[in-house]
There are 2 protein chains.
Amino acid sequence: MRVSAKADYAVRAAAELAAAEEGPVKGEKLAEAQDIPLQFLEHILLELKHAGIVRARRGAKGGYWLARPADEVTIADVVRAVEGPIAHVQSAPPESIEYRGNAEHLQEVWIAVRASLRTVLEHVTLADLVGGQLPSEVSALAAQPDAWVAR
Amino acid sequence: MRVSAKADYAVRAAAELAAAEEGPVKGEKLAEAQDIPLQFLEHILLELKHAGIVRARRGAKGGYWLARPADEVTIADVVRAVEGPIAHVQSAPPESIEYRGNAEHLQEVWIAVRASLRTVLEHVTLADLVGGQLPSEVSALAAQPDAWVAR
DNA sequence: CGCGCTCCTGACCAAAGAGGTCAGGAAAGT
DNA sequence: ACTTTCCTGACCTCTTTGGTCAGGAGCGCG
């Protein structure tokens with residue numbers, strides 16, 4: 001139930017790419033802008049490339065750029081590319097699990113957990129993130145004062 | 001962004017305790033009812049005990065029971081007891097993280113993620129789970145057909 | 001062509017976590 | 001006293017996390 005450094009880095013790097021106007025951005029520049037270890041970042045960017053989120057060119061004038069417009073890439077896309085499926089239980093998708101006895105309805109709970117994560121992650125695009133204009137459902141969640149307190 | 005076996009087991013065992021009418025339940029019985037490795041389960045129950053969710057007595061007629069009524073224990077309580085804080089980013093709470101440059105608004109996103117998880121996990125009690133009557137916000141999430149499809 | 005730049009890839013590494021098992025000790029009941 | 005059951009720590013294997021290092025492969029430019 002936690003967000004890994006890799007996922008956090010991936011989203012931050014993708015946000016920088018989303019903000020870059022035209023033309024490839026070097027890994028080194030992304031690493032500096034977001035304070036991410038360069039070599040680790042390049043591995044992450046490679047995963048994003050394999051997932052079809054990012055493209056790259058080598059050599060002078062090379063670098064990375066988004067494969068699709070920034071308003072067509074969601075945070076869920078980026079997170080899935082580096083962390084795999086969201087909200088798996090015991091490494092299995094919740095819809096495939098059968099519970100017995102008094103835990104029978106637990107499946108619905110995990111399904112609801114996944115659905116609630118999706119309503120946030122699949123609705124925020126990189127363009128939203130860079131522009132600071134989150135979708136209304138999401139900013140409503142973040143606007144509640146007790147969303148900001150630890151438990 | 002996944003649910004560990006430990007958290008899953010913990011909730012299932014707690015559901016069995018919630019369903020048990022009066023009197024301690026043996027670890028072995030819980031393990032059988034939910035098909036959980038006994039020795040692993042006892043470690044989990046110990047953590048639940050340290051968190052004040054469960055009580056226990058040894059010896060013949062011993063066993064485990066809930067420290068509070070089943071409608072006063074949420075799934076979030078149980079998950080936190082065994083997995084620690086929900087939705088931490090890089091092992092830190094989202095409200096403590098400062099993002100730079102184009103990722104500035106990422107903090108709000110992670111806050112919204114945590115808030116959305118809380119609306120599910122903190123509102124479902126063990127009594128709800130055992131009774132199959134989930135709170136309306138939660139069952140509404142689980143009722144959407146595409147909540148059940150993988151992505 | 002050659003050369004430098006930048007991405008690409010795999011190997012490696014240390015520490016921690018996941019998912020357990022095992023052996024023994026300590027309380028409770030009979 | 002003896003059985004039952006919880007309690008605790010040590011240990012185990014395998015994977016993941018969060019990196020680093022070394023070298024290779026493609027691209028653009030003079």
# chains A, B, ... in the order shown; residues from 1 in each chain; ligands from 1

$ interface_residues --of "chain B" --to "chain C" --cutoff "6 Å" --atoms "only C-alpha atoms (C1' of nucleotides)" --output "list in words"
Arg58, Gly59 and Ala60 of chain B

$ write_last_selection --atoms "N, CA and C atoms" --output "CSV table (one decimal), in the first residue's frame"
chain,number,residue,atom,x,y,z
B,58,ARG,N,-3.8,-17.6,27.2
B,58,ARG,CA,-3.2,-18.9,26.9
B,58,ARG,C,-3.9,-20.0,27.6
B,59,GLY,N,-3.4,-21.2,27.3
B,59,GLY,CA,-3.9,-22.4,28.0
B,59,GLY,C,-5.2,-22.9,27.4
B,60,ALA,N,-5.6,-24.0,28.0
B,60,ALA,CA,-6.9,-24.6,27.6
B,60,ALA,C,-8.0,-23.5,27.7

$ interface_residues --of "chain A" --to "chain D" --cutoff "12 Å" --atoms "only C-alpha atoms (C1' of nucleotides)" --output "PyMOL selection string"
chain A and resi 3-7+9+36-44+56-63+83

$ interface_residues --of "chain A" --to "chain B" --cutoff "6 Å" --atoms "only C-alpha atoms" --output "PyMOL selection string"
chain A and resi 1-5+12+15-16+86-90+95+102-103+105+108+111-112+115-116+129-130+132+141-142+147-148

$ select_by_dssp --residues "stretch 13-63 of chain B" --states "alpha helix (DSSP H)" --output "PyMOL selection string"
chain B and resi 13-19+27-34+38-50

$ write_last_selection --atoms "N, CA and C atoms" --output "compact mmCIF listing (two decimals), in the first residue's frame"
# COMPACT_ATOMS: atom_id res chain seq x y z
N ALA B 13 -8.52 -13.08 9.26
CA ALA B 13 -8.56 -13.60 10.63
C ALA B 13 -9.44 -12.71 11.50
N ALA B 14 -9.32 -11.41 11.32
CA ALA B 14 -10.12 -10.48 12.11
C ALA B 14 -11.60 -10.65 11.80
N ALA B 15 -11.91 -10.95 10.55
CA ALA B 15 -13.31 -11.19 10.17
C ALA B 15 -13.85 -12.41 10.90
N GLU B 16 -13.03 -13.44 11.00
CA GLU B 16 -13.47 -14.64 11.73
C GLU B 16 -13.72 -14.32 13.20
N LEU B 17 -12.84 -13.53 13.78
CA LEU B 17 -13.03 -13.15 15.18
C LEU B 17 -14.29 -12.32 15.34
N ALA B 18 -14.55 -11.46 14.36
CA ALA B 18 -15.74 -10.61 14.43
C ALA B 18 -17.00 -11.45 14.38
N ALA B 19 -16.92 -12.56 13.67
CA ALA B 19 -18.11 -13.40 13.50
C ALA B 19 -18.32 -14.33 14.69
N GLY B 27 -6.09 -20.08 17.64
CA GLY B 27 -5.36 -19.77 16.41
C GLY B 27 -5.57 -20.85 15.36
N GLU B 28 -5.55 -22.08 15.81
CA GLU B 28 -5.69 -23.18 14.87
C GLU B 28 -7.01 -23.13 14.12
N LYS B 29 -8.05 -22.76 14.85
CA LYS B 29 -9.36 -22.71 14.22
C LYS B 29 -9.41 -21.59 13.17
N LEU B 30 -8.82 -20.45 13.51
CA LEU B 30 -8.76 -19.35 12.55
C LEU B 30 -7.98 -19.76 11.31
N ALA B 31 -6.87 -20.44 11.55
CA ALA B 31 -6.01 -20.86 10.44
C ALA B 31 -6.77 -21.80 9.50
N GLU B 32 -7.51 -22.72 10.10
CA GLU B 32 -8.27 -23.65 9.26
C GLU B 32 -9.39 -22.94 8.51
N ALA B 33 -10.12 -22.10 9.22
CA ALA B 33 -11.27 -21.43 8.61
C ALA B 33 -10.86 -20.61 7.39
N GLN B 34 -9.67 -20.01 7.46
CA GLN B 34 -9.28 -19.13 6.37
C GLN B 34 -8.09 -19.67 5.58
N LEU B 38 -0.53 -21.78 9.99
CA LEU B 38 -0.77 -21.49 11.40
C LEU B 38 0.32 -20.64 12.04
N GLN B 39 1.57 -21.03 11.85
CA GLN B 39 2.64 -20.34 12.57
C GLN B 39 2.80 -18.90 12.09
N PHE B 40 2.56 -18.72 10.81
CA PHE B 40 2.62 -17.37 10.27
C PHE B 40 1.49 -16.54 10.86
N LEU B 41 0.31 -17.16 10.93
CA LEU B 41 -0.85 -16.47 11.46
C LEU B 41 -0.63 -16.03 12.91
N GLU B 42 0.02 -16.87 13.69
CA GLU B 42 0.21 -16.49 15.10
C GLU B 42 1.11 -15.25 15.23
N HIS B 43 2.06 -15.14 14.34
CA HIS B 43 2.86 -13.91 14.33
C HIS B 43 2.00 -12.69 14.02
N ILE B 44 1.11 -12.87 13.07
CA ILE B 44 0.23 -11.77 12.68
C ILE B 44 -0.70 -11.40 13.83
N LEU B 45 -1.25 -12.41 14.48
CA LEU B 45 -2.16 -12.16 15.60
C LEU B 45 -1.44 -11.43 16.72
N LEU B 46 -0.18 -11.74 16.89
CA LEU B 46 0.62 -11.06 17.91
C LEU B 46 0.74 -9.57 17.57
N GLU B 47 0.96 -9.30 16.31
CA GLU B 47 1.04 -7.88 15.90
C GLU B 47 -0.30 -7.18 16.14
N LEU B 48 -1.37 -7.88 15.85
CA LEU B 48 -2.70 -7.30 16.08
C LEU B 48 -2.91 -7.05 17.57
N LYS B 49 -2.36 -7.95 18.36
CA LYS B 49 -2.50 -7.78 19.80
C LYS B 49 -1.70 -6.55 20.27
N HIS B 50 -0.48 -6.44 19.79
CA HIS B 50 0.34 -5.28 20.17
C HIS B 50 -0.30 -3.97 19.73

$ atom_distance --atom1 "atom CA of B:Thr74" --atom2 "atom CA of B:Val25"
19.9 Å

$ select_by_dssp --residues "stretch 21-78 of chain A" --states "strand (DSSP E or B)" --output "ChimeraX atom specification"
/A:25,54-57,63-66,74

$ atom_distance --atom1 "atom CA of B:Thr125" --atom2 "atom CA of B:Arg55"
17.9 Å

$ atom_distance --atom1 "atom CA of A:Val78" --atom2 "atom CA of A:Leu66"
11.3 Å
